[in-house]
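Below is the file protein-v1.pdb, which contains PDB, C-alpha atoms, pLDDT in the B column.
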```
ATOM      1  CA  MET X   1     137.757 111.926  15.076  1.00 80.00           C
ATOM      2  CA  ALA X   2     138.280 108.318  16.127  1.00 94.00           C
ATOM      3  CA  THR X   3     135.417 105.943  16.758  1.00 96.00           C
ATOM      4  CA  THR X   4     135.709 103.310  19.451  1.00 98.00           C
ATOM      5  CA  VAL X   5     133.320 100.393  19.833  1.00 98.00           C
ATOM      6  CA  ARG X   6     132.570  98.406  22.967  1.00 98.00           C
ATOM      7  CA  HIS X   7     129.887  96.128  24.327  1.00 98.00           C
ATOM      8  CA  SER X   8     126.898  97.990  25.717  1.00 98.00           C
ATOM      9  CA  THR X   9     126.096  98.158  29.413  1.00 98.00           C
ATOM     10  CA  ASP X  10     122.963  99.048  31.366  1.00 97.00           C
ATOM     11  CA  ARG X  11     124.290 102.624  31.547  1.00 97.00           C
ATOM     12  CA  ASP X  12     123.904 102.948  27.759  1.00 98.00           C
ATOM     13  CA  VAL X  13     120.182 102.173  27.511  1.00 98.00           C
ATOM     14  CA  GLY X  14     118.980 105.752  27.960  1.00 98.00           C
ATOM     15  CA  ARG X  15     121.325 107.109  25.304  1.00 98.00           C
ATOM     16  CA  CYS X  16     120.377 104.348  22.861  1.00 98.00           C
ATOM     17  CA  THR X  17     116.668 105.088  23.221  1.00 98.00           C
ATOM     18  CA  GLU X  18     117.443 108.806  22.911  1.00 98.00           C
ATOM     19  CA  ILE X  19     119.146 108.157  19.552  1.00 98.00           C
ATOM     20  CA  VAL X  20     116.068 106.240  18.365  1.00 98.00           C
ATOM     21  CA  ARG X  21     113.714 109.035  19.453  1.00 98.00           C
ATOM     22  CA  SER X  22     115.850 111.554  17.543  1.00 97.00           C
ATOM     23  CA  LEU X  23     115.292 109.652  14.267  1.00 97.00           C
ATOM     24  CA  PRO X  24     111.507 109.791  13.720  1.00 97.00           C
ATOM     25  CA  ASP X  25     111.907 109.243   9.964  1.00 96.00           C
ATOM     26  CA  HIS X  26     113.452 105.840  10.685  1.00 96.00           C
ATOM     27  CA  PHE X  27     111.731 104.515  13.811  1.00 95.00           C
ATOM     28  CA  THR X  28     108.137 104.353  15.000  1.00 93.00           C
ATOM     29  CA  ASP X  29     107.088 105.495  18.479  1.00 94.00           C
ATOM     30  CA  ASP X  30     107.129 101.969  19.904  1.00 95.00           C
ATOM     31  CA  VAL X  31     110.793 101.292  19.029  1.00 96.00           C
ATOM     32  CA  PRO X  32     112.460 102.887  22.100  1.00 98.00           C
ATOM     33  CA  GLU X  33     110.643 100.399  24.341  1.00 98.00           C
ATOM     34  CA  LYS X  34     111.643  97.515  22.045  1.00 97.00           C
ATOM     35  CA  VAL X  35     115.270  98.676  22.039  1.00 98.00           C
ATOM     36  CA  GLU X  36     115.270  98.822  25.833  1.00 98.00           C
ATOM     37  CA  ARG X  37     113.843  95.294  26.016  1.00 98.00           C
ATOM     38  CA  ASP X  38     116.209  93.936  23.378  1.00 98.00           C
ATOM     39  CA  LEU X  39     119.300  95.486  24.997  1.00 98.00           C
ATOM     40  CA  ALA X  40     118.419  93.564  28.161  1.00 97.00           C
ATOM     41  CA  ALA X  41     117.874  90.275  26.326  1.00 98.00           C
ATOM     42  CA  HIS X  42     120.532  90.270  23.576  1.00 98.00           C
ATOM     43  CA  SER X  43     124.094  91.322  22.788  1.00 98.00           C
ATOM     44  CA  GLY X  44     124.624  95.012  22.248  1.00 98.00           C
ATOM     45  CA  TRP X  45     127.455  97.258  21.129  1.00 98.00           C
ATOM     46  CA  VAL X  46     127.886 101.020  21.227  1.00 98.00           C
ATOM     47  CA  ALA X  47     130.092 103.325  19.184  1.00 98.00           C
ATOM     48  CA  LEU X  48     131.681 106.273  20.940  1.00 98.00           C
ATOM     49  CA  ARG X  49     133.219 109.502  19.716  1.00 97.00           C
ATOM     50  CA  SER X  50     134.953 111.753  22.230  1.00 95.00           C
ATOM     51  CA  GLY X  51     133.683 109.367  24.919  1.00 96.00           C
ATOM     52  CA  ALA X  52     129.993 109.823  24.047  1.00 97.00           C
ATOM     53  CA  VAL X  53     127.689 107.101  22.711  1.00 98.00           C
ATOM     54  CA  VAL X  54     126.721 108.076  19.168  1.00 98.00           C
ATOM     55  CA  ALA X  55     125.489 104.737  17.804  1.00 98.00           C
ATOM     56  CA  PHE X  56     124.397 101.280  18.881  1.00 98.00           C
ATOM     57  CA  ALA X  57     123.640  97.829  17.528  1.00 98.00           C
ATOM     58  CA  ILE X  58     121.691  94.920  19.016  1.00 98.00           C
ATOM     59  CA  VAL X  59     122.083  91.352  17.791  1.00 98.00           C
ATOM     60  CA  ASP X  60     119.980  88.258  18.476  1.00 98.00           C
ATOM     61  CA  ARG X  61     121.919  84.997  18.223  1.00 98.00           C
ATOM     62  CA  ARG X  62     119.355  82.766  16.515  1.00 97.00           C
ATOM     63  CA  SER X  63     121.590  79.678  16.780  1.00 97.00           C
ATOM     64  CA  SER X  64     125.263  78.912  17.160  1.00 96.00           C
ATOM     65  CA  GLU X  65     125.772  79.748  13.474  1.00 96.00           C
ATOM     66  CA  ALA X  66     123.136  82.394  12.720  1.00 98.00           C
ATOM     67  CA  ALA X  67     122.356  85.857  14.053  1.00 98.00           C
ATOM     68  CA  GLU X  68     120.103  88.798  13.274  1.00 98.00           C
ATOM     69  CA  VAL X  69     120.953  92.467  13.641  1.00 98.00           C
ATOM     70  CA  LEU X  70     117.761  93.606  15.341  1.00 98.00           C
ATOM     71  CA  TRP X  71     118.636  97.285  15.597  1.00 98.00           C
ATOM     72  CA  ILE X  72     121.376  99.628  14.502  1.00 98.00           C
ATOM     73  CA  ALA X  73     121.173 103.395  14.710  1.00 98.00           C
ATOM     74  CA  VAL X  74     123.587 106.288  14.418  1.00 98.00           C
ATOM     75  CA  ASP X  75     122.983 109.736  15.869  1.00 98.00           C
ATOM     76  CA  ASP X  76     121.914 112.000  12.999  1.00 95.00           C
ATOM     77  CA  ALA X  77     124.857 114.373  13.555  1.00 95.00           C
ATOM     78  CA  GLU X  78     127.290 111.459  13.091  1.00 96.00           C
ATOM     79  CA  ARG X  79     125.719 109.834  10.010  1.00 95.00           C
ATOM     80  CA  GLY X  80     127.890 109.557   6.926  1.00 94.00           C
ATOM     81  CA  GLN X  81     131.140 109.749   8.915  1.00 96.00           C
ATOM     82  CA  GLY X  82     131.937 106.035   9.160  1.00 97.00           C
ATOM     83  CA  VAL X  83     130.521 105.475  12.640  1.00 98.00           C
ATOM     84  CA  GLY X  84     127.926 102.930  11.514  1.00 98.00           C
ATOM     85  CA  SER X  85     130.517 101.131   9.404  1.00 98.00           C
ATOM     86  CA  ALA X  86     132.983 100.925  12.291  1.00 98.00           C
ATOM     87  CA  LEU X  87     130.229  99.629  14.556  1.00 98.00           C
ATOM     88  CA  LEU X  88     128.948  97.035  12.100  1.00 98.00           C
ATOM     89  CA  ASP X  89     132.482  95.894  11.206  1.00 98.00           C
ATOM     90  CA  ARG X  90     133.197  95.207  14.887  1.00 98.00           C
ATOM     91  CA  VAL X  91     129.885  93.395  15.365  1.00 98.00           C
ATOM     92  CA  MET X  92     130.401  91.224  12.284  1.00 98.00           C
ATOM     93  CA  SER X  93     133.990  90.449  13.276  1.00 98.00           C
ATOM     94  CA  GLU X  94     132.968  89.348  16.770  1.00 98.00           C
ATOM     95  CA  LEU X  95     130.125  87.251  15.385  1.00 98.00           C
ATOM     96  CA  ALA X  96     132.482  85.546  12.910  1.00 98.00           C
ATOM     97  CA  ASP X  97     134.995  84.874  15.697  1.00 98.00           C
ATOM     98  CA  ALA X  98     132.169  83.273  17.699  1.00 97.00           C
ATOM     99  CA  GLY X  99     131.331  80.864  14.849  1.00 96.00           C
ATOM    100  CA  VAL X 100     128.386  82.695  13.304  1.00 97.00           C
ATOM    101  CA  ARG X 101     128.213  81.906   9.596  1.00 96.00           C
ATOM    102  CA  VAL X 102     125.248  83.990   8.432  1.00 98.00           C
ATOM    103  CA  VAL X 103     123.752  87.288   9.605  1.00 98.00           C
ATOM    104  CA  GLU X 104     120.269  88.560   8.768  1.00 98.00           C
ATOM    105  CA  VAL X 105     118.829  92.053   8.852  1.00 98.00           C
ATOM    106  CA  LYS X 106     115.363  93.352   8.057  1.00 98.00           C
ATOM    107  CA  THR X 107     114.874  96.830   6.659  1.00 98.00           C
ATOM    108  CA  LEU X 108     112.205  98.722   4.755  1.00 97.00           C
ATOM    109  CA  ASP X 109     111.909  97.416   1.196  1.00 98.00           C
ATOM    110  CA  GLU X 110     112.396  99.828  -1.701  1.00 97.00           C
ATOM    111  CA  SER X 111     108.811  99.140  -2.847  1.00 97.00           C
ATOM    112  CA  ALA X 112     107.706 101.340   0.069  1.00 96.00           C
ATOM    113  CA  ASP X 113     109.157 104.277  -1.912  1.00 95.00           C
ATOM    114  CA  TYR X 114     110.293 106.019   1.283  1.00 96.00           C
ATOM    115  CA  GLU X 115     113.282 108.309   0.704  1.00 96.00           C
ATOM    116  CA  PRO X 116     114.863 108.131   4.202  1.00 95.00           C
ATOM    117  CA  TYR X 117     115.559 104.416   3.698  1.00 96.00           C
ATOM    118  CA  ILE X 118     117.490 104.756   0.430  1.00 97.00           C
ATOM    119  CA  ALA X 119     120.701 105.401   2.391  1.00 96.00           C
ATOM    120  CA  THR X 120     119.829 102.612   4.843  1.00 97.00           C
ATOM    121  CA  ARG X 121     119.541 100.019   2.082  1.00 97.00           C
ATOM    122  CA  ALA X 122     122.761 101.315   0.501  1.00 97.00           C
ATOM    123  CA  PHE X 123     124.525 100.928   3.872  1.00 98.00           C
ATOM    124  CA  TRP X 124     123.513  97.281   4.154  1.00 98.00           C
ATOM    125  CA  ALA X 125     124.454  96.546   0.532  1.00 98.00           C
ATOM    126  CA  ALA X 126     127.848  98.211   1.000  1.00 98.00           C
ATOM    127  CA  HIS X 127     128.490  95.835   3.895  1.00 98.00           C
ATOM    128  CA  GLY X 128     127.775  92.703   1.912  1.00 98.00           C
ATOM    129  CA  PHE X 129     124.110  92.156   2.726  1.00 98.00           C
ATOM    130  CA  LEU X 130     122.030  90.737  -0.118  1.00 98.00           C
ATOM    131  CA  GLN X 131     118.268  90.986  -0.235  1.00 98.00           C
ATOM    132  CA  ILE X 132     116.744  87.523  -0.488  1.00 98.00           C
ATOM    133  CA  ASP X 133     113.053  88.251   0.040  1.00 98.00           C
ATOM    134  CA  THR X 134     110.348  90.815   0.706  1.00 97.00           C
ATOM    135  CA  ILE X 135     107.657  90.080   3.272  1.00 97.00           C
ATOM    136  CA  ASP X 136     104.519  92.204   3.495  1.00 96.00           C
ATOM    137  CA  PRO X 137     103.026  92.197   5.970  1.00 93.00           C
ATOM    138  CA  LEU X 138     105.787  91.127   8.350  1.00 95.00           C
ATOM    139  CA  PRO X 139     104.454  90.213  11.809  1.00 93.00           C
ATOM    140  CA  ASP X 140     105.045  93.031  14.334  1.00 89.00           C
ATOM    141  CA  TRP X 141     105.637  95.612  11.576  1.00 90.00           C
ATOM    142  CA  PRO X 142     103.045  98.293  10.855  1.00 87.00           C
ATOM    143  CA  PRO X 143     100.853  97.567   7.808  1.00 87.00           C
ATOM    144  CA  GLY X 144     102.154  99.038   4.569  1.00 90.00           C
ATOM    145  CA  ASN X 145     105.807  98.610   5.543  1.00 94.00           C
ATOM    146  CA  PRO X 146     107.207  95.804   3.379  1.00 97.00           C
ATOM    147  CA  ALA X 147     110.266  94.188   4.939  1.00 97.00           C
ATOM    148  CA  ALA X 148     113.383  93.542   2.884  1.00 98.00           C
ATOM    149  CA  ILE X 149     115.039  90.410   4.252  1.00 98.00           C
ATOM    150  CA  CYS X 150     118.805  90.624   3.743  1.00 98.00           C
ATOM    151  CA  VAL X 151     121.639  88.256   4.657  1.00 98.00           C
ATOM    152  CA  ALA X 152     125.433  88.324   4.704  1.00 98.00           C
ATOM    153  CA  ALA X 153     127.641  85.265   4.860  1.00 97.00           C
ATOM    154  CA  LEU X 154     130.504  85.291   7.338  1.00 96.00           C
ATOM    155  CA  ALA X 155     131.734  81.809   6.432  1.00 93.00           C
ATOM    156  CA  VAL X 156     131.405  79.238   3.688  1.00 88.00           C
ATOM    157  CA  SER X 157     128.371  77.037   4.258  1.00 83.00           C
ATOM    158  CA  ARG X 158     128.996  74.331   1.658  1.00 85.00           C
ATOM    159  CA  GLY X 159     131.730  72.970  -0.548  1.00 82.00           C
ATOM    160  CA  PRO X 160     135.468  73.304   0.127  1.00 84.00           C
ATOM    161  CA  GLY X 161     136.120  75.088   3.397  1.00 78.00           C
ATOM    162  CA  ALA X 162     132.704  74.365   4.906  1.00 80.00           C
ATOM    163  CA  ARG X 163     132.587  72.899   8.384  1.00 70.00           C
TER     164      ARG X 163
END
```
Encoding of this model in C-alpha cells:
Amino acid sequence: MATTVRHSTDRDVGRCTEIVRSLPDHFTDDVPEKVERDLAAHSGWVALRSGAVVAFAIVDRRSSEAAEVLWIAVDDAERGQGVGSALLDRVMSELADAGVRVVEVKTLDESADYEPYIATRAFWAAHGFLQIDTIDPLPDWPPGNPAAICVAALAVSRGPGAR
C-alpha cells in the first residue's frame, strides 16, 4: 500500500491527537494538547494510506539553518511498514531544500531502560541521527525521563562544500 505525505492542515489536528492518545506507552497524557498547540505554531506533515492520516510530524525551525523534530508518531497498526520512514524522508528533504543544515530530535535515553523506546531509538539511528548528549532532567519532561539529544546533518557545516 502506497504512502503519500503532505503538509498538515487544521482538518488533521483531531486525527493527530487521536494517534497520540492511542500510543500511551510512548506519550504522556499532556502530549495531545501540546501537539495541538505545536501544529498551530509550527510546520506539520501527515502521512496517508488509502486517504487516511496514519502518521504525522511537527518541526520547529529554530533558525534558517537548524530545525527540531518536535513530534513524530505513527498509528500503531501502521508501525514497521515504512510509513514513518516515508514521512521523515519527506520532512528531511523539504528541510534540506529550505537551507536547513542540521536537525535535532529528543527521545527517551536508553538509560531509562524502557522497552517501548528501543524501536524508537533504532528508527532515529537508521535515519542518520547521532546521539550527542543526555539531559536529565530536561525542562518540561517528567522527572526520571532522561532525554537523548540526537542530531542529523543535512549539509556540510565546515570545510570544502560549506557555505
| task | Name the closest residue to Ala2 (chain X) among the candidates X:Val103, X:Leu48, X:Ile118, X:Ile72; distances are taken between atoms, counting all atoms listed in the file. | result | X:Leu48
| X:Asp113, X:Val83, X:Ala126, X:Glu65: which is nearest Ala153 (chain X), counting all atoms listed in the file? | X:Glu65
Per residue of region 16-85 of chain X within 8 Å of region 95-102 of chain X, what are the shortest atom pair and its distance in Å to one decimal, counting only C-alpha atoms, with rows by chain and residue number, as CSV?
```
residue,atom,partner,partner_atom,distance
X:Ser64,CA,X:Val100,CA,6.2
X:Glu65,CA,X:Val100,CA,3.9
X:Ala66,CA,X:Val102,CA,5.0
X:Ala67,CA,X:Val102,CA,6.6
```
| said: Residues within 12 Å of (121.9, 104.9, 29.4), file coordinates, counting only C-alpha atoms: what are they? Give the list as number ranges by chain. | reply: X: 8-19, 35-36, 39-40, 46, 52-54, 56
| message | Considering only C-alpha atoms, can you say which of X:Met92, X:Ala112, X:Val20, X:Leu87 comes closest to Pro146 (chain X)? | response | X:Ala112
Report the centre and edge lengths, in Å to one decimal, of an axis-aligned box enclosing every atom of region 38-41 of chain X listed in the file, padded by 5 Å on each side, as JSON.
```
{"center_x": 117.8, "center_y": 92.9, "center_z": 25.8, "size_x": 13.1, "size_y": 15.2, "size_z": 14.8}
```
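Take the PyMOL selection byres ((chain X and resi 131-145) around 9) and apply it to this file: it picks X:Thr28, X:Leu108, X:Asp109, X:Ser111, X:Ala112, X:Ala125, X:Phe129, X:Leu130, X:Pro146, X:Ala147, X:Ala148, X:Ile149, X:Cys150, X:Val151.
Using all atoms listed in the file for every distance, the candidate list X:Glu68, X:Asp76, X:Asp60, X:Asp30 yields X:Glu68 as the residue closest to Ala152 (chain X).
If you measure from each of X:Arg79, X:Arg121, X:Arg158, X:His7 to Val59 (chain X) using only C-alpha atoms, the closest one turns out to be X:His7.
For the choices X:Ala73, X:Ala155, X:Ala122, X:Gly161, the atom-to-atom distance to His26 (chain X) is smallest for X:Ala73 when using only C-alpha atoms.
CA of Arg37 (chain X) sits 23.2 Å away from CA of Thr120 (chain X).
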| query | In Å to one decimal, how far is CA of Val156 (chain X) from CA of Thr107 (chain X)? | reply | 24.3 Å
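Here CA of Leu154 (chain X) is placed at a distance of 21.6 Å from CA of Ala47 (chain X).
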Mind filling out region 69-93 of chain X with N, CA and C atoms and sending it as a tab-separated table (two decimals), keeping the file's coordinate frame?
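Below you can see out-v9.tsv, which holds the result:
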```
chain	number	residue	atom	x	y	z
X	69	VAL	N	120.79	91.11	13.13
X	69	VAL	CA	120.95	92.47	13.64
X	69	VAL	C	119.54	93.00	13.82
X	70	LEU	N	119.12	93.13	15.06
X	70	LEU	CA	117.76	93.61	15.34
X	70	LEU	C	117.65	95.12	15.16
X	71	TRP	N	118.66	95.82	15.63
X	71	TRP	CA	118.64	97.28	15.60
X	71	TRP	C	120.04	97.80	15.38
X	72	ILE	N	120.14	98.85	14.60
X	72	ILE	CA	121.38	99.63	14.50
X	72	ILE	C	120.94	101.05	14.21
X	73	ALA	N	121.53	101.99	14.91
X	73	ALA	CA	121.17	103.40	14.71
X	73	ALA	C	122.38	104.27	15.02
X	74	VAL	N	122.50	105.33	14.25
X	74	VAL	CA	123.59	106.29	14.42
X	74	VAL	C	122.96	107.66	14.62
X	75	ASP	N	123.43	108.38	15.62
X	75	ASP	CA	122.98	109.74	15.87
X	75	ASP	C	123.05	110.53	14.56
X	76	ASP	N	122.01	111.29	14.27
X	76	ASP	CA	121.91	112.00	13.00
X	76	ASP	C	123.14	112.87	12.72
X	77	ALA	N	123.70	113.50	13.74
X	77	ALA	CA	124.86	114.37	13.56
X	77	ALA	C	126.11	113.60	13.16
X	78	GLU	N	126.12	112.29	13.38
X	78	GLU	CA	127.29	111.46	13.09
X	78	GLU	C	127.13	110.62	11.82
X	79	ARG	N	125.96	110.66	11.20
X	79	ARG	CA	125.72	109.83	10.01
X	79	ARG	C	126.62	110.27	8.87
X	80	GLY	N	127.05	109.28	8.07
X	80	GLY	CA	127.89	109.56	6.93
X	80	GLY	C	129.35	109.79	7.25
X	81	GLN	N	129.76	109.52	8.50
X	81	GLN	CA	131.14	109.75	8.91
X	81	GLN	C	131.86	108.45	9.28
X	82	GLY	N	131.28	107.31	8.92
X	82	GLY	CA	131.94	106.04	9.16
X	82	GLY	C	131.65	105.39	10.50
X	83	VAL	N	130.83	106.02	11.32
X	83	VAL	CA	130.52	105.48	12.64
X	83	VAL	C	129.76	104.16	12.52
X	84	GLY	N	128.70	104.15	11.70
X	84	GLY	CA	127.93	102.93	11.51
X	84	GLY	C	128.76	101.81	10.93
X	85	SER	N	129.64	102.14	10.01
X	85	SER	CA	130.52	101.13	9.40
X	85	SER	C	131.47	100.55	10.44
X	86	ALA	N	132.08	101.41	11.25
X	86	ALA	CA	132.98	100.92	12.29
X	86	ALA	C	132.25	100.02	13.28
X	87	LEU	N	131.04	100.42	13.64
X	87	LEU	CA	130.23	99.63	14.56
X	87	LEU	C	129.87	98.28	13.94
X	88	LEU	N	129.35	98.29	12.74
X	88	LEU	CA	128.95	97.04	12.10
X	88	LEU	C	130.15	96.13	11.84
X	89	ASP	N	131.28	96.70	11.43
X	89	ASP	CA	132.48	95.89	11.21
X	89	ASP	C	132.89	95.16	12.48
X	90	ARG	N	132.84	95.84	13.61
X	90	ARG	CA	133.20	95.21	14.89
X	90	ARG	C	132.20	94.11	15.23
X	91	VAL	N	130.92	94.39	15.07
X	91	VAL	CA	129.88	93.40	15.36
X	91	VAL	C	130.09	92.16	14.49
X	92	MET	N	130.25	92.35	13.20
X	92	MET	CA	130.40	91.22	12.28
X	92	MET	C	131.67	90.43	12.59
X	93	SER	N	132.74	91.12	12.94
X	93	SER	CA	133.99	90.45	13.28
X	93	SER	C	133.83	89.58	14.52
```
